[in-house]
Structure formats: C-alpha cells, structure tokens
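File shown: data.cif (mmCIF, C-alpha atoms).
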```
data_coords
#
loop_
_atom_site.label_atom_id
_atom_site.label_comp_id
_atom_site.auth_asym_id
_atom_site.auth_seq_id
_atom_site.Cartn_x
_atom_site.Cartn_y
_atom_site.Cartn_z
CA MET A 1 -0.28 8.76 14.87
CA LEU A 2 0.36 7.73 18.48
CA CYS A 3 3.93 9.07 18.23
CA LEU A 4 2.64 12.44 17.05
CA LEU A 5 0.26 12.64 20.01
CA CYS A 6 3.08 11.80 22.41
CA LEU A 7 5.38 14.38 20.86
CA SER A 8 2.75 17.12 20.93
CA GLY A 9 1.94 16.33 24.55
CA CYS A 10 5.61 16.50 25.56
CA SER A 11 6.29 19.79 23.81
CA GLN A 12 3.80 21.62 26.02
CA THR A 13 5.88 20.98 29.15
CA LYS A 14 9.25 21.95 27.70
CA VAL A 15 10.41 25.52 28.19
CA GLN A 16 11.05 27.09 24.82
CA GLN A 17 13.61 29.79 24.15
CA PRO A 18 12.63 32.96 22.28
CA PRO A 19 13.95 33.12 18.69
CA ASN A 20 15.79 36.37 19.54
CA ASN A 21 16.00 38.84 22.36
CA ALA A 22 14.26 41.65 20.49
CA THR A 23 11.35 42.93 22.54
CA PRO A 24 8.24 44.25 20.82
CA GLY A 25 8.87 47.74 19.40
CA PHE A 26 6.13 49.37 21.46
CA VAL A 27 7.80 48.45 24.79
CA THR A 28 9.72 51.48 26.02
CA GLU A 29 12.27 52.20 28.76
CA LYS A 30 9.68 54.57 30.25
CA ASP A 31 7.35 51.60 30.75
CA VAL A 32 10.04 49.80 32.77
CA GLU A 33 10.78 52.97 34.75
CA GLU A 34 7.11 53.02 35.82
CA VAL A 35 7.51 49.75 37.75
CA ASP A 36 6.80 50.29 41.45
CA TRP A 37 8.89 47.48 42.95
CA LYS A 38 7.26 48.04 46.36
CA LYS A 39 3.76 47.29 45.01
CA ASN A 40 3.64 43.51 44.83
CA ALA A 41 0.67 41.75 43.30
CA ALA A 42 -1.73 41.04 46.17
CA GLU A 43 -4.38 38.45 46.86
CA PHE A 44 -7.95 39.69 46.59
CA ASN A 45 -11.46 38.32 46.42
CA THR A 46 -13.83 39.21 43.60
CA ASP A 47 -17.53 39.92 43.93
CA ALA A 48 -18.05 36.45 42.47
CA GLY A 49 -16.21 34.89 45.43
CA SER A 50 -13.01 33.82 43.65
CA ASP A 51 -9.60 34.42 45.23
CA MET A 52 -6.92 35.64 42.85
CA VAL A 53 -3.64 37.55 42.82
CA GLY A 54 -3.00 40.80 40.99
CA ASN A 55 -4.15 44.41 41.06
CA GLU A 56 -7.79 44.51 42.14
CA HIS A 57 -10.25 45.81 39.53
CA LYS A 58 -7.51 45.78 36.85
CA VAL A 59 -5.80 42.37 36.41
CA GLY A 60 -6.15 39.18 38.43
CA ILE A 61 -4.67 35.71 38.08
CA ILE A 62 -5.85 32.34 39.32
CA GLY A 63 -2.96 29.88 39.30
CA PRO A 64 0.02 28.59 41.24
CA GLU A 65 3.12 30.59 42.16
CA LEU A 66 5.85 30.42 39.55
CA LYS A 67 9.10 28.50 40.03
CA PRO A 68 12.05 29.14 37.69
CA ASN A 69 11.70 27.32 34.35
CA LYS A 70 8.51 25.54 35.43
CA ILE A 71 5.50 25.99 33.17
CA GLU A 72 2.27 26.78 35.00
CA LYS A 73 -1.27 27.44 33.83
CA TRP A 74 -2.74 30.82 34.79
CA LEU A 75 -6.25 32.08 34.20
CA TRP A 76 -6.01 35.82 33.59
CA HIS A 77 -8.90 38.18 34.42
CA PHE A 78 -9.19 41.73 33.09
CA TRP A 79 -11.40 44.61 34.23
CA GLY A 80 -12.18 47.63 32.07
CA ILE A 81 -11.48 45.88 28.78
CA ASP A 82 -13.29 43.06 27.02
CA LYS A 83 -11.07 42.12 24.05
CA GLY A 84 -7.66 42.63 22.53
CA LYS A 85 -4.24 41.23 21.77
CA LEU A 86 -2.33 40.42 24.95
CA THR A 87 1.44 40.97 25.21
CA LEU A 88 3.35 39.93 28.35
CA VAL A 89 6.89 41.15 28.99
CA GLY A 90 8.82 39.92 32.02
CA TYR A 91 11.50 42.21 33.48
CA HIS A 92 13.87 40.82 36.15
CA LYS A 93 14.74 43.47 38.75
CA GLU A 94 18.29 42.40 39.60
CA SER A 95 19.64 41.27 36.22
CA LYS A 96 17.50 43.61 34.08
CA GLU A 97 16.80 40.57 31.88
CA ILE A 98 13.74 40.81 29.64
CA SER A 99 11.83 37.63 28.86
CA PRO A 100 8.60 36.54 27.21
CA VAL A 101 6.15 35.22 29.82
CA PHE A 102 4.15 32.88 27.61
CA SER A 103 5.63 29.37 27.74
CA GLU A 104 5.68 29.20 23.94
CA ALA A 105 8.43 31.89 24.02
CA VAL A 106 6.22 34.36 22.15
CA TRP A 107 5.52 37.90 23.28
CA SER A 108 1.87 38.18 22.24
CA ARG A 109 -1.35 36.20 21.85
CA ASN A 110 -4.70 37.11 20.39
CA GLY A 111 -7.76 36.33 22.30
CA ILE A 112 -8.55 38.04 25.56
CA GLY A 113 -12.26 38.27 25.65
CA GLY A 114 -13.34 34.88 26.91
CA GLY A 115 -16.39 36.60 28.35
CA GLN A 116 -17.17 37.76 31.84
CA LEU A 117 -15.81 35.42 34.48
CA ASN A 118 -15.40 35.75 38.26
CA GLY A 119 -16.60 39.36 38.08
CA ALA A 120 -14.04 40.37 35.41
CA ASP A 121 -14.92 41.79 31.98
CA ALA A 122 -12.64 39.37 30.11
CA SER A 123 -10.45 36.34 30.72
CA LEU A 124 -7.82 34.16 29.07
CA PRO A 125 -6.12 30.91 30.11
CA THR A 126 -2.39 30.72 29.31
CA ASN A 127 0.72 28.71 30.09
CA VAL A 128 3.43 30.91 31.60
CA VAL A 129 7.06 30.56 32.65
CA LEU A 130 9.93 32.77 33.81
CA PRO A 131 13.57 31.66 33.55
CA LYS A 132 15.02 32.52 36.97
CA ALA A 133 14.23 33.24 40.59
CA GLY A 134 13.89 36.78 41.88
CA LYS A 135 11.60 39.75 41.64
CA TRP A 136 9.88 40.19 38.27
CA ALA A 137 7.64 42.85 36.80
CA ILE A 138 5.17 41.53 34.26
CA LEU A 139 4.30 44.38 31.93
CA ILE A 140 0.85 43.74 30.50
CA TYR A 141 -0.03 45.31 27.16
CA ILE A 142 -3.41 45.17 25.46
CA ASP A 143 -3.32 46.10 21.76
CA LYS A 144 0.23 47.54 22.20
CA GLN A 145 -0.80 49.85 25.08
CA LEU A 146 0.55 49.37 28.60
CA PHE A 147 -2.46 48.19 30.60
CA ASP A 148 -1.00 47.20 33.96
CA ILE A 149 2.13 45.95 35.73
CA LEU A 150 2.25 43.01 38.13
CA VAL A 151 5.23 42.67 40.45
CA ILE A 152 5.76 39.09 41.58
CA GLU A 153 8.41 37.02 43.33
CA VAL A 154 9.61 33.82 41.64
CA ASN A 155 11.05 31.53 44.31
CA ALA A 156 13.39 28.62 43.64
#
```

Turn this file's structure into structure tokens for me.
Amino acid sequence: MLCLLCLSGCSQTKVQQPPNNATPGFVTEKDVEEVDWKKNAAEFNTDAGSDMVGNEHKVGIIGPELKPNKIEKWLWHFWGIDKGKLTLVGYHKESKEISPVFSEAVWSRNGIGGGQLNGADASLPTNVVLPKAGKWAILIYIDKQLFDILVIEVNA
C-alpha cells in the first residue's frame, strides 16, 4: 500500500506526453488567427482584493509563472459563466506547436463551477505545464466554444 501511495504521489510531478497530437475537433485555424500577440495577460486586482493575471472580467489566474516542463498549480477564475467543460490549448508563437496545457496531457476537464470566488462567477484549480520557453497563447474553450485567449511568456 505504501508503494502505491509513493507511486501516485510521484506521478503528479512528472510531465506526461499527450497520446497523439490530434487537437480537439472544435479548435479551428480561425481561433489561432484571432490571437493578438501584443495583448499579454496582465495583472489585475478583483473587487475581492485578490491579485491575479489574465484578462480582467473574463479569465484570471492565481499561480506562479510557468517554466518549461515544470508543473505548476493555477487557480482559474471565470466571469460571465458559472459551469462547463474546460478545454485548454497551448499554441507556441515561434514554432506553431500545439500542446495540451493540463499537466495530465489531456485537452479537457469537466468541472468549472467551483462557486463564486475572488469576485469571479466560477473557479477551478488545475495543474498546468507547457513544454518550451517562448510566447504562448492559451486558447480557453468552455463547452467547445472559444471563451478567451491568454497570451503569456514562458521563461527558461
């Protein structure tokens, strides 16, 4: 039993590779073309007094900056929606590489809707990772609909 606990604890810190490179079918080239690379995610303060990074009154994150291949925990906040299936697609500006953002190497997770938190309508904690340094767009889909795009810099 102790071995199983050790193994399950270790697997959460290892970066997993996606089973294939096929992106979800609802992600389109038009979605990627909508990325405004000059509009980086910005720090803002909510009415509840919490500092976060994102697009104010749409999506905000509390968590550390990402480093390549390092899993971090982010607490996502959503305004204007209170439930749904979350899909995160990372798009690397220079290489045009597409990557899942969830550390489990999956594209989607059920479960936004953790209730109102820090002034947001919904929230969800996740483990996230991106594979390389550079400028990334995180395309955020709720129930297969593009909800928002965060542009971030992943520094080595």

Identify all residues satisfying the PyMOL selection byres ((chain A and resi 71) around 6) in the given file; provide them as a tab-separated table (two decimals) with C-alpha atoms, in the frame of the given file.
```tsv
chain	number	residue	atom	x	y	z
A	70	LYS	CA	8.51	25.54	35.43
A	72	GLU	CA	2.27	26.78	35.00
A	128	VAL	CA	3.43	30.91	31.60
A	129	VAL	CA	7.06	30.56	32.65
```

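The interatomic distance for the pair CA of Ala137 (chain A) and CA of Gly80 (chain A) works out to 20.9 Å.
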
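Evaluating the PyMOL selection byres ((chain A and resi 73) around 8) against the shown model yields Gly63, Pro64, Ile71, Glu72, Trp74, Leu75, Pro125, Thr126, Asn127 and Val128 of chain A.
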
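If you apply the PyMOL selection byres ((chain A and resi 133) around 12) to this structure, you end up with Glu65, Leu66, Lys67, Pro68, Asn69, Lys70, Tyr91, His92, Lys93, Glu94, Ser95, Glu97, Val129, Leu130, Pro131, Lys132, Gly134, Lys135, Trp136, Ile152, Glu153, Val154, Asn155 and Ala156 of chain A.
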
Tell me, in Å to one decimal, how far CA of Phe44 (chain A) is from CA of Asp121 (chain A).
16.3 Å

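Take CA of Gln116 (chain A) and CA of Ile142 (chain A): the distance between them is 16.9 Å.
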
Give as JSON, numbers by chain the set of residues within 12 Å of the point (9.7, 48.0, 25.8), where distances use the file's coordinates and all atoms listed in the file.
{"A": [21, 22, 23, 24, 25, 26, 27, 28, 29, 30, 31, 32, 33, 34, 87, 88, 89, 90, 91, 97, 98, 99, 100, 107, 138, 139, 140, 141, 144, 145, 146]}

Give me the residues within 7 Å of Trp76 (chain A) as a ChimeraX atom specification, counting all atoms listed in the file and dropping any in the same chain fewer than 4 places off.
/A:60-62,123-125

Expected residue set, 6 Å radius at (-9.2, 39.6, 32.9), all atoms listed in the file, as a CSV table (one decimal) with C-alpha atoms, in the coordinates of the input:
```csv
chain,number,residue,atom,x,y,z
A,59,VAL,CA,-5.8,42.4,36.4
A,76,TRP,CA,-6.0,35.8,33.6
A,77,HIS,CA,-8.9,38.2,34.4
A,78,PHE,CA,-9.2,41.7,33.1
A,79,TRP,CA,-11.4,44.6,34.2
A,120,ALA,CA,-14.0,40.4,35.4
A,122,ALA,CA,-12.6,39.4,30.1
A,123,SER,CA,-10.4,36.3,30.7
```

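Proximity to Leu117 (chain A) was assessed for A:Lys38, A:Glu43, A:Lys58, A:Ala48 counting only C-alpha atoms; the smallest distance is recorded for A:Ala48.
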
Determine, counting only C-alpha atoms, which protein, DNA and RNA residues have an atom within 7 Å of an atom of Gly111 (chain A); residues of the same chain fewer than 4 positions away are not included. Present the result as a VMD selection string.
chain A and resid 83 to 85
